[in-house]
$ cat my_file.txt   # compact mmCIF, C-alpha atoms
# COMPACT_ATOMS: atom_id res chain seq x y z
CA MET X 1 124.52 -7.31 65.51
CA ALA X 2 127.45 -4.99 66.11
CA VAL X 3 126.94 -1.94 68.28
CA TRP X 4 129.07 1.12 67.52
CA ASN X 5 129.57 3.41 70.51
CA VAL X 6 131.12 6.85 70.04
CA ILE X 7 133.85 7.14 72.67
CA ASP X 8 134.96 10.55 71.44
CA HIS X 9 134.43 12.91 68.51
CA THR X 10 136.61 15.98 68.01
CA GLU X 11 136.51 18.66 65.33
CA LEU X 12 139.44 21.04 65.50
CA SER X 13 138.60 24.71 65.89
CA GLY X 14 142.28 25.59 65.31
CA ASN X 15 145.51 23.77 64.57
CA ALA X 16 146.70 20.85 66.73
CA THR X 17 149.69 18.50 66.60
CA GLU X 18 147.68 15.43 67.63
CA TYR X 19 144.43 13.81 68.61
CA GLU X 20 144.58 11.97 71.91
CA LYS X 21 142.04 10.04 73.94
CA THR X 22 143.01 8.79 77.40
CA SER X 23 141.16 6.62 79.92
CA ILE X 24 139.62 4.35 77.27
CA PRO X 25 137.47 1.79 79.10
CA ALA X 26 138.10 -1.92 78.51
CA SER X 27 134.38 -2.59 78.06
CA TYR X 28 134.37 -2.89 74.25
CA ASP X 29 135.47 -5.72 71.98
CA HIS X 30 137.31 -3.57 69.44
CA LEU X 31 138.36 0.01 68.70
CA TYR X 32 137.70 1.77 65.41
CA PHE X 33 139.02 5.24 64.54
CA VAL X 34 138.13 7.46 61.63
CA ALA X 35 139.71 10.79 60.69
CA SER X 36 139.17 13.39 58.02
CA ALA X 37 142.37 15.38 58.32
CA ARG X 38 144.72 17.79 56.61
CA THR X 39 148.15 19.00 57.73
CA ASP X 40 149.85 22.34 57.32
CA VAL X 41 153.02 20.77 55.87
CA SER X 42 154.15 23.45 53.43
CA GLY X 43 155.06 22.53 49.85
CA ALA X 44 153.86 18.92 50.21
CA TYR X 45 150.90 16.96 48.89
CA PHE X 46 150.64 14.62 51.87
CA GLY X 47 151.81 14.64 55.46
CA SER X 48 153.05 11.71 57.52
CA CYS X 49 151.11 10.63 60.61
CA LYS X 50 151.86 8.31 63.51
CA LEU X 51 149.89 6.21 65.94
CA THR X 52 150.88 5.24 69.49
CA PHE X 53 149.15 3.53 72.38
CA ASN X 54 149.39 4.00 76.15
CA GLY X 55 152.01 6.73 75.76
CA THR X 56 154.46 4.02 74.68
CA GLY X 57 157.24 4.71 72.19
CA GLY X 58 160.59 2.94 72.34
CA THR X 59 160.79 -0.05 70.03
CA SER X 60 157.28 -1.40 70.66
CA TYR X 61 155.91 -1.26 67.11
CA GLY X 62 156.29 -3.01 63.78
CA VAL X 63 154.69 -2.02 60.45
CA THR X 64 154.15 -3.34 56.96
CA SER X 65 152.61 -1.08 54.35
CA ILE X 66 151.58 -1.16 50.72
CA TYR X 67 150.83 2.14 49.05
CA ALA X 68 150.74 3.91 45.72
CA SER X 69 151.51 7.47 44.76
CA THR X 70 152.39 6.46 41.20
CA SER X 71 151.04 3.76 38.90
CA THR X 72 153.42 1.28 40.57
CA PRO X 73 152.56 0.24 44.16
CA THR X 74 155.36 0.26 46.72
CA SER X 75 155.77 -1.63 49.98
CA ALA X 76 157.73 -1.04 53.16
CA SER X 77 158.30 -2.93 56.38
CA GLU X 78 159.96 -1.88 59.62
CA THR X 79 160.42 -3.33 63.09
CA GLY X 80 161.53 -1.77 66.34
CA ASN X 81 159.67 1.50 65.64
CA ASP X 82 158.57 4.06 68.22
CA CYS X 83 155.14 4.31 66.50
CA ILE X 84 152.97 2.90 63.74
CA ASN X 85 153.79 5.09 60.75
CA TYR X 86 153.17 4.87 56.98
CA ILE X 87 149.84 6.66 57.43
CA TYR X 88 149.29 9.79 55.34
CA VAL X 89 146.77 12.65 55.11
CA ALA X 90 146.43 15.60 52.73
CA ALA X 91 148.87 18.51 53.07
CA ASP X 92 149.17 22.14 51.99
CA SER X 93 149.68 21.59 48.23
CA VAL X 94 146.61 19.38 47.70
CA LEU X 95 143.51 20.97 46.19
CA SER X 96 142.21 23.61 48.60
CA ASP X 97 139.81 22.35 51.29
CA THR X 98 140.56 18.69 50.50
CA PHE X 99 141.08 16.41 53.48
CA GLY X 100 142.57 12.92 53.61
CA THR X 101 140.76 9.99 55.19
CA VAL X 102 142.12 7.50 57.69
CA GLU X 103 140.47 4.38 59.13
CA ILE X 104 142.11 2.36 61.92
CA TRP X 105 140.81 -0.95 63.28
CA VAL X 106 142.24 -2.31 66.56
CA PRO X 107 140.67 -5.72 67.25
CA ASN X 108 140.72 -7.09 70.82
CA TYR X 109 142.37 -3.93 72.17
CA ALA X 110 141.70 -4.86 75.82
CA ASN X 111 143.14 -8.39 75.59
CA THR X 112 146.03 -8.80 78.06
CA SER X 113 147.32 -12.11 76.67
CA ASN X 114 148.52 -11.04 73.22
CA TYR X 115 150.19 -8.26 71.26
CA LYS X 116 147.76 -5.88 69.54
CA GLN X 117 147.17 -5.96 65.79
CA VAL X 118 146.33 -2.76 63.93
CA LEU X 119 144.90 -2.41 60.43
CA THR X 120 144.77 0.97 58.70
CA LYS X 121 143.66 2.29 55.35
CA TRP X 122 144.12 5.85 54.20
CA SER X 123 143.83 8.09 51.18
CA CYS X 124 144.97 11.57 50.15
CA PRO X 125 142.89 12.53 47.12
CA ASN X 126 143.79 15.32 44.75
CA ASN X 127 142.53 16.56 41.39
CA SER X 128 145.74 15.41 39.75
CA THR X 129 147.06 12.31 38.03
CA THR X 130 150.65 13.51 38.45
CA ASN X 131 152.89 11.12 40.40
CA PHE X 132 153.42 11.99 44.09
CA GLN X 133 150.54 14.49 44.12
CA TRP X 134 148.19 11.86 45.63
CA ILE X 135 148.65 8.70 47.73
CA VAL X 136 146.55 5.75 48.87
CA GLY X 137 147.49 2.76 50.98
CA GLN X 138 147.06 0.24 53.74
CA THR X 139 149.29 -0.35 56.72
CA ALA X 140 149.32 -3.27 59.13
CA GLY X 141 150.90 -2.65 62.50
CA LEU X 142 151.78 -4.57 65.62
CA PHE X 143 151.91 -3.05 69.10
CA LYS X 144 154.27 -5.41 70.91
CA ASP X 145 152.73 -5.11 74.37
CA THR X 146 150.22 -7.26 76.25
CA ALA X 147 148.74 -4.35 78.24
CA ALA X 148 145.18 -3.34 77.41
CA ILE X 149 145.09 -0.19 75.29
CA ASN X 150 143.74 2.71 77.37
CA GLN X 151 145.32 5.64 75.49
CA PHE X 152 145.10 6.33 71.74
CA THR X 153 147.29 9.04 70.18
CA PHE X 154 147.18 9.93 66.48
CA GLY X 155 149.65 12.64 65.59
CA GLU X 156 151.34 14.50 62.79
CA ASN X 157 154.75 12.84 62.39
CA THR X 158 156.92 15.78 61.28
CA GLY X 159 156.24 18.42 63.92
CA ASN X 160 153.55 20.14 61.89
CA ASN X 161 149.85 20.46 62.68
CA PHE X 162 146.47 19.11 61.74
CA VAL X 163 144.47 22.10 60.50
CA GLN X 164 141.14 23.55 61.55
CA TYR X 165 138.09 21.41 60.69
CA SER X 166 140.03 18.13 60.81
CA THR X 167 137.77 15.61 62.55
CA PHE X 168 138.59 12.54 64.63
CA THR X 169 136.12 9.93 65.90
CA LEU X 170 136.98 6.97 68.13
CA TYR X 171 134.43 4.15 68.44
CA GLY X 172 134.15 1.22 70.80
CA ILE X 173 132.54 -1.75 69.07
CA ASN X 174 130.70 -4.63 70.71
CA GLY X 175 129.20 -7.72 69.10
CA ALA X 176 131.28 -7.71 65.90
CA GLY X 177 132.81 -11.05 64.90

$ encode --input "my_file.txt" --output "structure tokens"
Amino acid sequence: MAVWNVIDHTELSGNATEYEKTSIPASYDHLYFVASARTDVSGAYFGSCKLTFNGTGGTSYGVTSIYASTSTPTSASETGNDCINYIYVAADSVLSDTFGTVEIWVPNYANTSNYKQVLTKWSCPNNSTTNFQWIVGQTAGLFKDTAAINQFTFGENTGNNFVQYSTFTLYGINGAG
């Protein structure tokens, strides 16, 4: 049976540009992150987010994403990135008090023999069927480093902020297949 251990839970009491947890112990099998977040990006329905590990940017990341903000899904793929992007949360123009959801799974995060795989799913709901006023998707990422992950940073990608009451929870999971 899998055991879910809360490593950290943060609810913002004001605006912040990122959530960061440092000194993550290597004692778990996997990491799992969940966020209920909203950005203060003005005049937008969703805001772009980014994920980095161990304070590493450069060209250490690759991503592939499939998402929909219209009736026709779209895909994107990039290599040599400085972060895992193509992750979105609700922004200023979405229905008031609506937050987007993000889930991030990092299997075998402490393994020092392989690159790290990252699976995300995210949604920005809205009370609209109008194209580009909502978005939903999944993003697969690769952190091209063999170092164990000991720092997890989830940030707003455009220099804006996560707003008050956004929540972020990082779990360490043991015993999951």

$ atom_distance --input "my_file.txt" --atom1 "atom CA of X:Gly141" --atom2 "atom CA of X:Lys116"
8.4 Å

$ atom_distance --input "my_file.txt" --atom1 "atom CA of X:Glu20" --atom2 "atom CA of X:Phe154"
6.4 Å

$ closest_residue --input "my_file.txt" --among "X:Tyr32, X:Tyr19, X:Thr112, X:Ala147" --to "X:Val3" --atoms "all atoms listed in the file"
X:Tyr32

$ atom_distance --input "my_file.txt" --atom1 "atom CA of X:Gly55" --atom2 "atom CA of X:Phe152"
8.0 Å

$ residues_around --input "my_file.txt" --residues "X:Ile7" --least-positions-apart "4" --cutoff "8 Å" --atoms "only C-alpha atoms" --output "PyMOL selection string"
chain X and resi 24+169-172

$ closest_residue --input "my_file.txt" --among "X:Pro25, X:Gly159, X:Pro125, X:Gly57" --to "X:Thr101" --atoms "all atoms listed in the file"
X:Pro125

$ residues_around --input "my_file.txt" --residues "X:Ser96" --least-positions-apart "6" --cutoff "12 Å" --atoms "all atoms listed in the file" --output "PyMOL selection string"
chain X and resi 38-40+45+90+125-127

$ closest_residue --input "my_file.txt" --among "X:Ala35, X:Ala176, X:Ala148, X:Ala110" --to "X:Cys49" --atoms "all atoms listed in the file"
X:Ala35

$ residues_around --input "my_file.txt" --residues "stretch 77-83 of chain X" --least-positions-apart "5" --cutoff "12 Å" --atoms "all atoms listed in the file" --output "PyMOL selection string"
chain X and resi 48-67+118+138-144+152-157

$ closest_residue --input "my_file.txt" --among "X:Gly137, X:Gly14, X:Gly100, X:Pro107" --to "X:Ser69" --atoms "all atoms listed in the file"
X:Gly137

$ residues_around --input "my_file.txt" --residues "X:Asp92" --least-positions-apart "2" --cutoff "12 Å" --atoms "all atoms listed in the file" --output "list in words"
Ala37, Arg38, Thr39, Asp40, Val41, Ser42, Gly43, Ala44, Tyr45, Phe46, Gly47, Val89, Ala90, Val94, Leu95, Ser96, Asp97, Thr98, Phe99, Gly100, Cys124, Asn126, Gln133, Asn160, Asn161, Phe162 and Val163 of chain X

$ closest_residue --input "my_file.txt" --among "X:Thr120, X:Thr70, X:Gln151, X:Ser36" --to "X:Lys21" --atoms "all atoms listed in the file"
X:Gln151

$ decode --input "my_file.txt" --residues "stretch 138-167 of chain X" --atoms "N, CA, C and O atoms" --output "compact mmCIF listing (two decimals), in the first residue's frame"
# COMPACT_ATOMS: atom_id res chain seq x y z
N GLN X 138 -2.06 18.11 -20.76
CA GLN X 138 -1.06 17.26 -20.11
C GLN X 138 0.29 17.57 -20.73
O GLN X 138 0.39 17.80 -21.94
N THR X 139 1.30 17.56 -19.89
CA THR X 139 2.66 17.82 -20.36
C THR X 139 3.59 16.77 -19.79
O THR X 139 3.54 16.47 -18.59
N ALA X 140 4.41 16.21 -20.65
CA ALA X 140 5.46 15.29 -20.22
C ALA X 140 6.78 16.04 -20.32
O ALA X 140 7.03 16.74 -21.29
N GLY X 141 7.60 15.91 -19.29
CA GLY X 141 8.87 16.61 -19.29
C GLY X 141 10.02 15.67 -18.97
O GLY X 141 9.82 14.58 -18.43
N LEU X 142 11.20 16.10 -19.31
CA LEU X 142 12.41 15.35 -18.99
C LEU X 142 13.43 16.33 -18.41
O LEU X 142 13.73 17.36 -19.02
N PHE X 143 13.91 16.02 -17.21
CA PHE X 143 14.99 16.78 -16.59
C PHE X 143 16.26 16.00 -16.89
O PHE X 143 16.49 14.90 -16.37
N LYS X 144 17.08 16.54 -17.77
CA LYS X 144 18.25 15.83 -18.27
C LYS X 144 19.44 16.00 -17.32
O LYS X 144 20.41 16.68 -17.62
N ASP X 145 19.30 15.36 -16.14
CA ASP X 145 20.34 15.40 -15.12
C ASP X 145 20.21 14.12 -14.29
O ASP X 145 19.10 13.68 -14.02
N THR X 146 21.33 13.54 -13.90
CA THR X 146 21.28 12.32 -13.08
C THR X 146 21.29 12.60 -11.58
O THR X 146 21.15 11.68 -10.79
N ALA X 147 21.45 13.85 -11.18
CA ALA X 147 21.46 14.19 -9.76
C ALA X 147 20.08 13.95 -9.14
O ALA X 147 19.05 14.15 -9.79
N ALA X 148 20.06 13.51 -7.90
CA ALA X 148 18.80 13.38 -7.18
C ALA X 148 18.16 14.77 -7.06
O ALA X 148 18.86 15.76 -6.86
N ILE X 149 16.85 14.83 -7.17
CA ILE X 149 16.14 16.10 -7.03
C ILE X 149 16.03 16.44 -5.55
O ILE X 149 15.47 15.67 -4.77
N ASN X 150 16.57 17.59 -5.16
CA ASN X 150 16.47 18.03 -3.76
C ASN X 150 15.86 19.43 -3.64
O ASN X 150 15.72 19.96 -2.56
N GLN X 151 15.52 20.02 -4.79
CA GLN X 151 14.88 21.34 -4.80
C GLN X 151 13.81 21.35 -5.88
O GLN X 151 14.06 20.95 -7.02
N PHE X 152 12.62 21.81 -5.54
CA PHE X 152 11.45 21.82 -6.42
C PHE X 152 10.94 23.25 -6.47
O PHE X 152 10.59 23.82 -5.45
N THR X 153 10.93 23.85 -7.68
CA THR X 153 10.47 25.23 -7.82
C THR X 153 9.39 25.30 -8.90
O THR X 153 9.62 24.94 -10.05
N PHE X 154 8.21 25.76 -8.51
CA PHE X 154 7.09 25.93 -9.41
C PHE X 154 6.78 27.42 -9.43
O PHE X 154 6.41 28.00 -8.40
N GLY X 155 6.95 28.05 -10.59
CA GLY X 155 6.81 29.49 -10.65
C GLY X 155 5.92 29.98 -11.76
O GLY X 155 5.60 29.25 -12.69
N GLU X 156 5.52 31.23 -11.66
CA GLU X 156 4.78 31.91 -12.70
C GLU X 156 5.81 32.29 -13.77
O GLU X 156 6.87 32.79 -13.46
N ASN X 157 5.52 32.01 -15.02
CA ASN X 157 6.52 32.06 -16.09
C ASN X 157 6.66 33.43 -16.75
O ASN X 157 7.53 33.61 -17.58
N THR X 158 5.82 34.41 -16.42
CA THR X 158 5.85 35.67 -17.15
C THR X 158 6.18 36.86 -16.26
O THR X 158 5.95 38.00 -16.65
N GLY X 159 6.69 36.61 -15.06
CA GLY X 159 7.04 37.70 -14.16
C GLY X 159 5.88 38.21 -13.33
O GLY X 159 6.00 39.20 -12.63
N ASN X 160 4.74 37.54 -13.42
CA ASN X 160 3.59 37.91 -12.61
C ASN X 160 3.58 37.08 -11.33
O ASN X 160 4.55 36.39 -11.03
N ASN X 161 2.47 37.11 -10.62
CA ASN X 161 2.39 36.45 -9.32
C ASN X 161 1.28 35.43 -9.24
O ASN X 161 0.26 35.55 -9.92
N PHE X 162 1.47 34.44 -8.35
CA PHE X 162 0.35 33.65 -7.87
C PHE X 162 -0.36 34.52 -6.83
O PHE X 162 0.29 35.24 -6.08
N VAL X 163 -1.68 34.45 -6.78
CA VAL X 163 -2.43 35.32 -5.89
C VAL X 163 -2.72 34.65 -4.55
O VAL X 163 -2.56 33.44 -4.39
N GLN X 164 -3.16 35.49 -3.61
CA GLN X 164 -3.53 35.02 -2.28
C GLN X 164 -4.51 33.85 -2.37
O GLN X 164 -5.38 33.82 -3.24
N TYR X 165 -4.35 32.90 -1.48
CA TYR X 165 -5.15 31.68 -1.35
C TYR X 165 -4.76 30.59 -2.33
O TYR X 165 -5.35 29.51 -2.30
N SER X 166 -3.80 30.82 -3.21
CA SER X 166 -3.25 29.72 -4.00
C SER X 166 -2.61 28.74 -3.02
O SER X 166 -1.99 29.16 -2.03
N THR X 167 -2.78 27.44 -3.27
CA THR X 167 -2.21 26.44 -2.38
C THR X 167 -1.29 25.51 -3.15
O THR X 167 -1.53 25.21 -4.33
